[in-house]
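Everything below concerns the one structure shown next.
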Amino acid sequence: MGATLVVESAVWYGITLIVVAARIASRKVLLGSFRKFQTDDVLMLAAVATDTVLMVTINILADKNSNLIDPSHPPSLTAEDIAERTYGSKLVLVVEQAQILTTWLVKACLLLMYSRLTFSKVQTLCVKLVATYVAFGFVLMEILYFAVWCRPFHEYWAVPTNNIQCSAATNHLITNAILNISSDLFIIVIPMPVFLQINIAPKKKGILCAVFALGLFTIGAAIANKYYSFSEPWGSQWTYWYIRESSTALIVSNIPFLWTTLRFFFRLTSFRGPTASKNAVPPSAGTPYGHNTKNINHNTVISRGSQGADLAADFHPLDSQEDIKFYNDHVPLKIYKRQEIHITTETSGTSELSRTGRDRVSFSI
């Protein structure tokens, strides 16, 4: 079991690190500096740190016993067994807290992202209510875990213990399942009305909704880990689902930030699809000869930051309401206007037109 758990946790952890690194790169491209990172960016790094603790600790725990003893097969405990089970019980406590912190930090990151989107008043109120529920649930769960379910607290690693709540933690698991799953459902539902109202192709709208609906897998993992915790408390299946839940939560919560990175490295267009160039002139607008002998091309480029003029050739709309709001609030507006005038002088003395001269005047404002 231990070797299999090591392999699976390593795979999940590797994918998680890649996705989070891509999110950090995306935010760096968007914001221009690590100093401009926002609260949810910092909290995401904290979630990766707690997930690292979870991965390391749960793999150590895989080869240890705890104070959870099957009453139908009570072992004869030696001093060495008691020491090992005491250490294993302390690891269980660390695993549980690391998993809780990772999960709730991810919830906080998602809610902070939602708070920056342009919602209606009703949706803004929903975000605040869900955020209050998530915060209240976390505080309540921790108070119950540290101060109510198992008293005195050191009974969590006592071998043997007389309180089943100090070994099986049944009440805590029920509380965690209710608060965790319900808050995940609320968080998934919040952005759906916005996505359904976005004026994009149905296929792209489906992709956008599907990305956030991946959170349903996280909920499924949460249900599975609680199921195995209750049905096989002396087994090891719950450890796999702890890893899967925390990993999928981290991956899903970072996916919305990856589009900027993909567009930057692969020179992709916005999610709205390819747009016509601002400088393109239809072929039918004029011909080299004839009455249309004066071509005037006016280009007005609106950009932000000191590199606006350099980015003029690649100007495109911002990709999300979050980006628009951030740029409006934090980045100074600069307007660049480029005007090019092409003048062609022609004479025609015979049946065929011949070009005798061309002058080009270009200037920028």
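Naming scheme: A, B, ... for chains in displayed order of the structure tokens; residues 1 onward per chain; ligands 1 onward as shown.
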Residues within 10 Å of A:Cys109, only C-alpha atoms, excluding chain neighbours under 5 positions, as a PDB file with C-alpha atoms, in the first residue's frame:
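The resulting file, out04.pdb, is reproduced below:
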ATOM      1  CA  THR A  39      -4.360  38.303  -1.682  1.00  0.00           C
ATOM      2  CA  ASP A  40      -5.636  35.170  -3.398  1.00  0.00           C
ATOM      3  CA  ASP A  41      -2.249  34.681  -5.085  1.00  0.00           C
ATOM      4  CA  VAL A  42      -0.540  34.662  -1.698  1.00  0.00           C
ATOM      5  CA  LEU A  43      -3.183  32.375  -0.211  1.00  0.00           C
ATOM      6  CA  MET A  44      -2.717  29.958  -3.104  1.00  0.00           C
ATOM      7  CA  ALA A  47      -2.346  26.292   0.132  1.00  0.00           C
ATOM      8  CA  TRP A 104     -10.409  26.089   3.023  1.00  0.00           C
ATOM      9  CA  TYR A 114     -15.385  36.046  -7.550  1.00  0.00           C
ATOM     10  CA  SER A 115     -15.366  39.265  -5.532  1.00  0.00           C
ATOM     11  CA  LEU A 250      -5.941  23.054  -6.099  1.00  0.00           C
ATOM     12  CA  SER A 253      -9.158  26.520  -8.640  1.00  0.00           C
ATOM     13  CA  ASN A 254      -6.086  27.467 -10.713  1.00  0.00           C
TER      14      ASN A 254
END
Show me, as a VMD selection string, the residues that have an atom within 12 Å of stretch 136-143 of chain A when counting only C-alpha atoms, minus same-chain residues fewer than 2 positions from it.
chain A and resid 96 to 97 100 to 105 107 to 108 129 to 134 145 to 150 153 171 to 184
Just N, CA, C and O atoms for this one: save the residues we selected as a compact mmCIF listing (two decimals), in the first residue's frame.
# COMPACT_ATOMS: atom_id res chain seq x y z
N GLU A 96 -4.94 15.70 9.21
CA GLU A 96 -6.30 16.27 9.21
C GLU A 96 -6.26 17.79 9.11
O GLU A 96 -7.01 18.39 8.33
N GLN A 97 -5.40 18.43 9.86
CA GLN A 97 -5.32 19.89 9.84
C GLN A 97 -4.74 20.40 8.52
O GLN A 97 -5.19 21.43 7.99
N ILE A 100 -7.54 20.17 5.97
CA ILE A 100 -8.55 21.21 6.21
C ILE A 100 -8.05 22.57 5.74
O ILE A 100 -8.76 23.31 5.05
N LEU A 101 -6.82 22.91 6.10
CA LEU A 101 -6.27 24.21 5.71
C LEU A 101 -6.15 24.34 4.19
O LEU A 101 -6.48 25.38 3.62
N THR A 102 -5.71 23.27 3.53
CA THR A 102 -5.60 23.31 2.07
C THR A 102 -6.96 23.55 1.44
O THR A 102 -7.12 24.42 0.56
N THR A 103 -7.94 22.80 1.88
CA THR A 103 -9.28 22.90 1.30
C THR A 103 -9.90 24.27 1.52
O THR A 103 -10.45 24.88 0.60
N TRP A 104 -9.78 24.79 2.73
CA TRP A 104 -10.41 26.09 3.02
C TRP A 104 -9.62 27.26 2.42
O TRP A 104 -10.22 28.29 2.09
N LEU A 105 -8.34 27.13 2.26
CA LEU A 105 -7.58 28.18 1.57
C LEU A 105 -7.99 28.26 0.10
O LEU A 105 -8.09 29.36 -0.47
N LYS A 107 -10.97 27.50 -1.06
CA LYS A 107 -12.27 28.16 -1.06
C LYS A 107 -12.10 29.68 -0.96
O LYS A 107 -12.79 30.44 -1.67
N ALA A 108 -11.20 30.12 -0.10
CA ALA A 108 -10.97 31.56 0.06
C ALA A 108 -10.45 32.18 -1.23
O ALA A 108 -10.87 33.28 -1.62
N LEU A 129 -22.35 36.33 1.31
CA LEU A 129 -23.01 35.37 2.19
C LEU A 129 -22.26 34.04 2.21
O LEU A 129 -22.07 33.44 3.28
N VAL A 130 -21.83 33.58 1.04
CA VAL A 130 -21.09 32.32 0.99
C VAL A 130 -19.74 32.46 1.70
O VAL A 130 -19.30 31.55 2.41
N ALA A 131 -19.08 33.61 1.51
CA ALA A 131 -17.80 33.85 2.20
C ALA A 131 -17.99 33.82 3.71
O ALA A 131 -17.17 33.26 4.45
N THR A 132 -19.09 34.40 4.17
CA THR A 132 -19.39 34.38 5.61
C THR A 132 -19.64 32.96 6.09
O THR A 132 -19.16 32.55 7.15
N TYR A 133 -20.36 32.20 5.28
CA TYR A 133 -20.65 30.80 5.64
C TYR A 133 -19.37 29.97 5.70
O TYR A 133 -19.18 29.16 6.62
N VAL A 134 -18.48 30.17 4.72
CA VAL A 134 -17.21 29.44 4.68
C VAL A 134 -16.35 29.78 5.90
O VAL A 134 -15.79 28.89 6.55
N TYR A 145 -13.18 20.79 17.01
CA TYR A 145 -12.11 19.80 16.94
C TYR A 145 -11.12 19.96 18.09
O TYR A 145 -10.70 18.97 18.71
N PHE A 146 -10.76 21.19 18.40
CA PHE A 146 -9.72 21.43 19.41
C PHE A 146 -10.26 21.55 20.83
O PHE A 146 -9.52 21.31 21.79
N ALA A 147 -11.53 21.90 20.98
CA ALA A 147 -12.01 22.22 22.32
C ALA A 147 -13.23 21.44 22.79
O ALA A 147 -13.61 21.55 23.96
N VAL A 148 -13.86 20.63 21.90
CA VAL A 148 -15.11 20.00 22.30
C VAL A 148 -15.07 18.48 22.13
O VAL A 148 -15.31 17.75 23.10
N TRP A 149 -14.79 18.02 20.92
CA TRP A 149 -14.98 16.59 20.64
C TRP A 149 -14.08 15.70 21.49
O TRP A 149 -14.53 14.63 21.94
N CYS A 150 -12.85 16.07 21.72
CA CYS A 150 -11.92 15.21 22.46
C CYS A 150 -11.30 16.00 23.61
O CYS A 150 -10.49 16.91 23.39
N PHE A 153 -7.25 17.40 25.43
CA PHE A 153 -6.78 17.40 24.05
C PHE A 153 -5.73 16.32 23.80
O PHE A 153 -5.69 15.72 22.72
N ASN A 171 -17.61 12.48 15.10
CA ASN A 171 -18.34 13.76 15.10
C ASN A 171 -17.63 14.81 14.23
O ASN A 171 -18.27 15.58 13.51
N HIS A 172 -16.32 14.82 14.30
CA HIS A 172 -15.57 15.78 13.48
C HIS A 172 -15.75 15.48 12.00
O HIS A 172 -15.93 16.41 11.19
N LEU A 173 -15.69 14.23 11.62
CA LEU A 173 -15.82 13.87 10.21
C LEU A 173 -17.19 14.24 9.67
O LEU A 173 -17.32 14.69 8.52
N ILE A 174 -18.23 14.05 10.47
CA ILE A 174 -19.58 14.44 10.05
C ILE A 174 -19.67 15.95 9.87
O ILE A 174 -20.20 16.45 8.86
N THR A 175 -19.15 16.68 10.84
CA THR A 175 -19.17 18.15 10.76
C THR A 175 -18.39 18.63 9.54
O THR A 175 -18.85 19.51 8.79
N ASN A 176 -17.23 18.05 9.33
CA ASN A 176 -16.40 18.43 8.19
C ASN A 176 -17.11 18.15 6.87
O ASN A 176 -17.09 18.98 5.94
N ALA A 177 -17.73 16.99 6.76
CA ALA A 177 -18.42 16.62 5.52
C ALA A 177 -19.54 17.61 5.20
O ALA A 177 -19.68 18.06 4.06
N ILE A 178 -20.33 17.95 6.18
CA ILE A 178 -21.47 18.86 5.96
C ILE A 178 -20.98 20.23 5.53
O ILE A 178 -21.44 20.80 4.53
N LEU A 179 -20.04 20.80 6.27
CA LEU A 179 -19.58 22.17 5.98
C LEU A 179 -18.76 22.22 4.69
O LEU A 179 -18.87 23.18 3.91
N ASN A 180 -17.97 21.20 4.44
CA ASN A 180 -17.11 21.18 3.27
C ASN A 180 -17.91 21.03 1.98
O ASN A 180 -17.77 21.81 1.03
N ILE A 181 -18.77 20.02 1.94
CA ILE A 181 -19.52 19.73 0.72
C ILE A 181 -20.53 20.84 0.41
O ILE A 181 -20.67 21.27 -0.75
N SER A 182 -21.22 21.31 1.43
CA SER A 182 -22.22 22.37 1.20
C SER A 182 -21.57 23.65 0.70
O SER A 182 -22.08 24.30 -0.23
N SER A 183 -20.44 24.03 1.27
CA SER A 183 -19.77 25.26 0.83
C SER A 183 -19.22 25.10 -0.59
O SER A 183 -19.24 26.05 -1.39
N ASP A 184 -18.74 23.90 -0.95
CA ASP A 184 -18.29 23.66 -2.32
C ASP A 184 -19.42 23.82 -3.32
O ASP A 184 -19.25 24.40 -4.40
Give the answer as one residue: which of A:Leu91, A:Gly220, A:Val211, A:Val189 has the shortest atom-to-atom distance to A:Ile255, using only C-alpha atoms?
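Nearest candidate to A:Ile255 out of A:Leu91, A:Gly220, A:Val211, A:Val189: A:Val211.
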Write out as a VMD selection string all residues of stretch 30-180 of chain A that DSSP puts in alpha helix (DSSP H) for this structure's backbone.
chain A and resid 30 to 31 39 to 61 79 to 116 121 to 147 170 to 180
Could you jot down the atom CA of A:Gly235 to atom CA of A:Ser89 separation for me, Å, one decimal place?
14.8 Å
Compile the contact shell of A:Thr78 as a ChimeraX atom specification: residues with an atom at most 12 Å away, counting only C-alpha atoms, same-chain residues fewer than 5 positions apart removed.
/A:83-85,159-160
Shortest interatomic distance to A:Leu5 - which of A:Asn65, A:Gln99, A:Gln38, A:Gln237, counting only C-alpha atoms
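That would be A:Gln237, the residue with the smallest distance to A:Leu5.
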In terms of the shortest atom-to-atom distance over only C-alpha atoms, which of A:Asp63, A:Asp81, A:Asp70, A:Glu245 is closest to A:Ser9?
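Using only C-alpha atoms, A:Ser9 sits closest to A:Glu245.
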With distances taken over only C-alpha atoms, which residue among A:Leu17, A:Ala22, A:Val6, A:Ile198 lies nearest A:Leu61?
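Closest candidate: A:Val6.
Atom CA of A:Pro71 is positioned 23.8 Å from atom CA of A:Val95.
The coordinates place atom CA of A:Trp259 at 17.3 Å from atom CA of A:Arg116.
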Selection: 10 Å around A:Val252, only C-alpha atoms, excl. self and same-chain fewer than 6 positions, as number ranges by chain
A: 16, 19, 106, 110, 211-218
Atoms to include: N, CA and C atoms. Write the selected residues as a short mmCIF file (atom, residue, chain, number, x, y, z; two decimals), in the first residue's frame.
data_model
loop_
_atom_site.label_atom_id
_atom_site.label_comp_id
_atom_site.auth_asym_id
_atom_site.auth_seq_id
_atom_site.Cartn_x
_atom_site.Cartn_y
_atom_site.Cartn_z
N THR A 16 -0.12 19.24 -9.63
CA THR A 16 -0.52 20.43 -8.88
C THR A 16 0.53 21.52 -8.97
N VAL A 19 0.49 23.18 -12.45
CA VAL A 19 -0.66 24.07 -12.64
C VAL A 19 -0.49 25.36 -11.84
N VAL A 106 -8.24 27.12 -0.51
CA VAL A 106 -8.70 27.11 -1.90
C VAL A 106 -10.07 27.78 -2.00
N LEU A 110 -10.99 31.18 -4.34
CA LEU A 110 -12.07 31.25 -5.31
C LEU A 110 -13.03 32.40 -4.99
N VAL A 211 -15.26 23.82 -16.98
CA VAL A 211 -14.06 24.02 -16.17
C VAL A 211 -14.41 24.17 -14.70
N PHE A 212 -15.41 25.01 -14.43
CA PHE A 212 -15.80 25.21 -13.04
C PHE A 212 -16.60 24.02 -12.51
N ALA A 213 -17.28 23.31 -13.39
CA ALA A 213 -18.02 22.13 -12.95
C ALA A 213 -17.10 21.00 -12.54
N LEU A 214 -15.80 21.11 -12.91
CA LEU A 214 -14.84 20.11 -12.45
C LEU A 214 -14.78 20.07 -10.92
N GLY A 215 -15.24 21.15 -10.31
CA GLY A 215 -15.31 21.16 -8.86
C GLY A 215 -16.20 20.05 -8.32
N LEU A 216 -17.09 19.53 -9.16
CA LEU A 216 -17.94 18.41 -8.73
C LEU A 216 -17.10 17.18 -8.43
N PHE A 217 -15.98 17.02 -9.13
CA PHE A 217 -15.09 15.90 -8.83
C PHE A 217 -14.47 16.07 -7.45
N THR A 218 -14.17 17.31 -7.10
CA THR A 218 -13.65 17.58 -5.76
C THR A 218 -14.67 17.19 -4.70
#
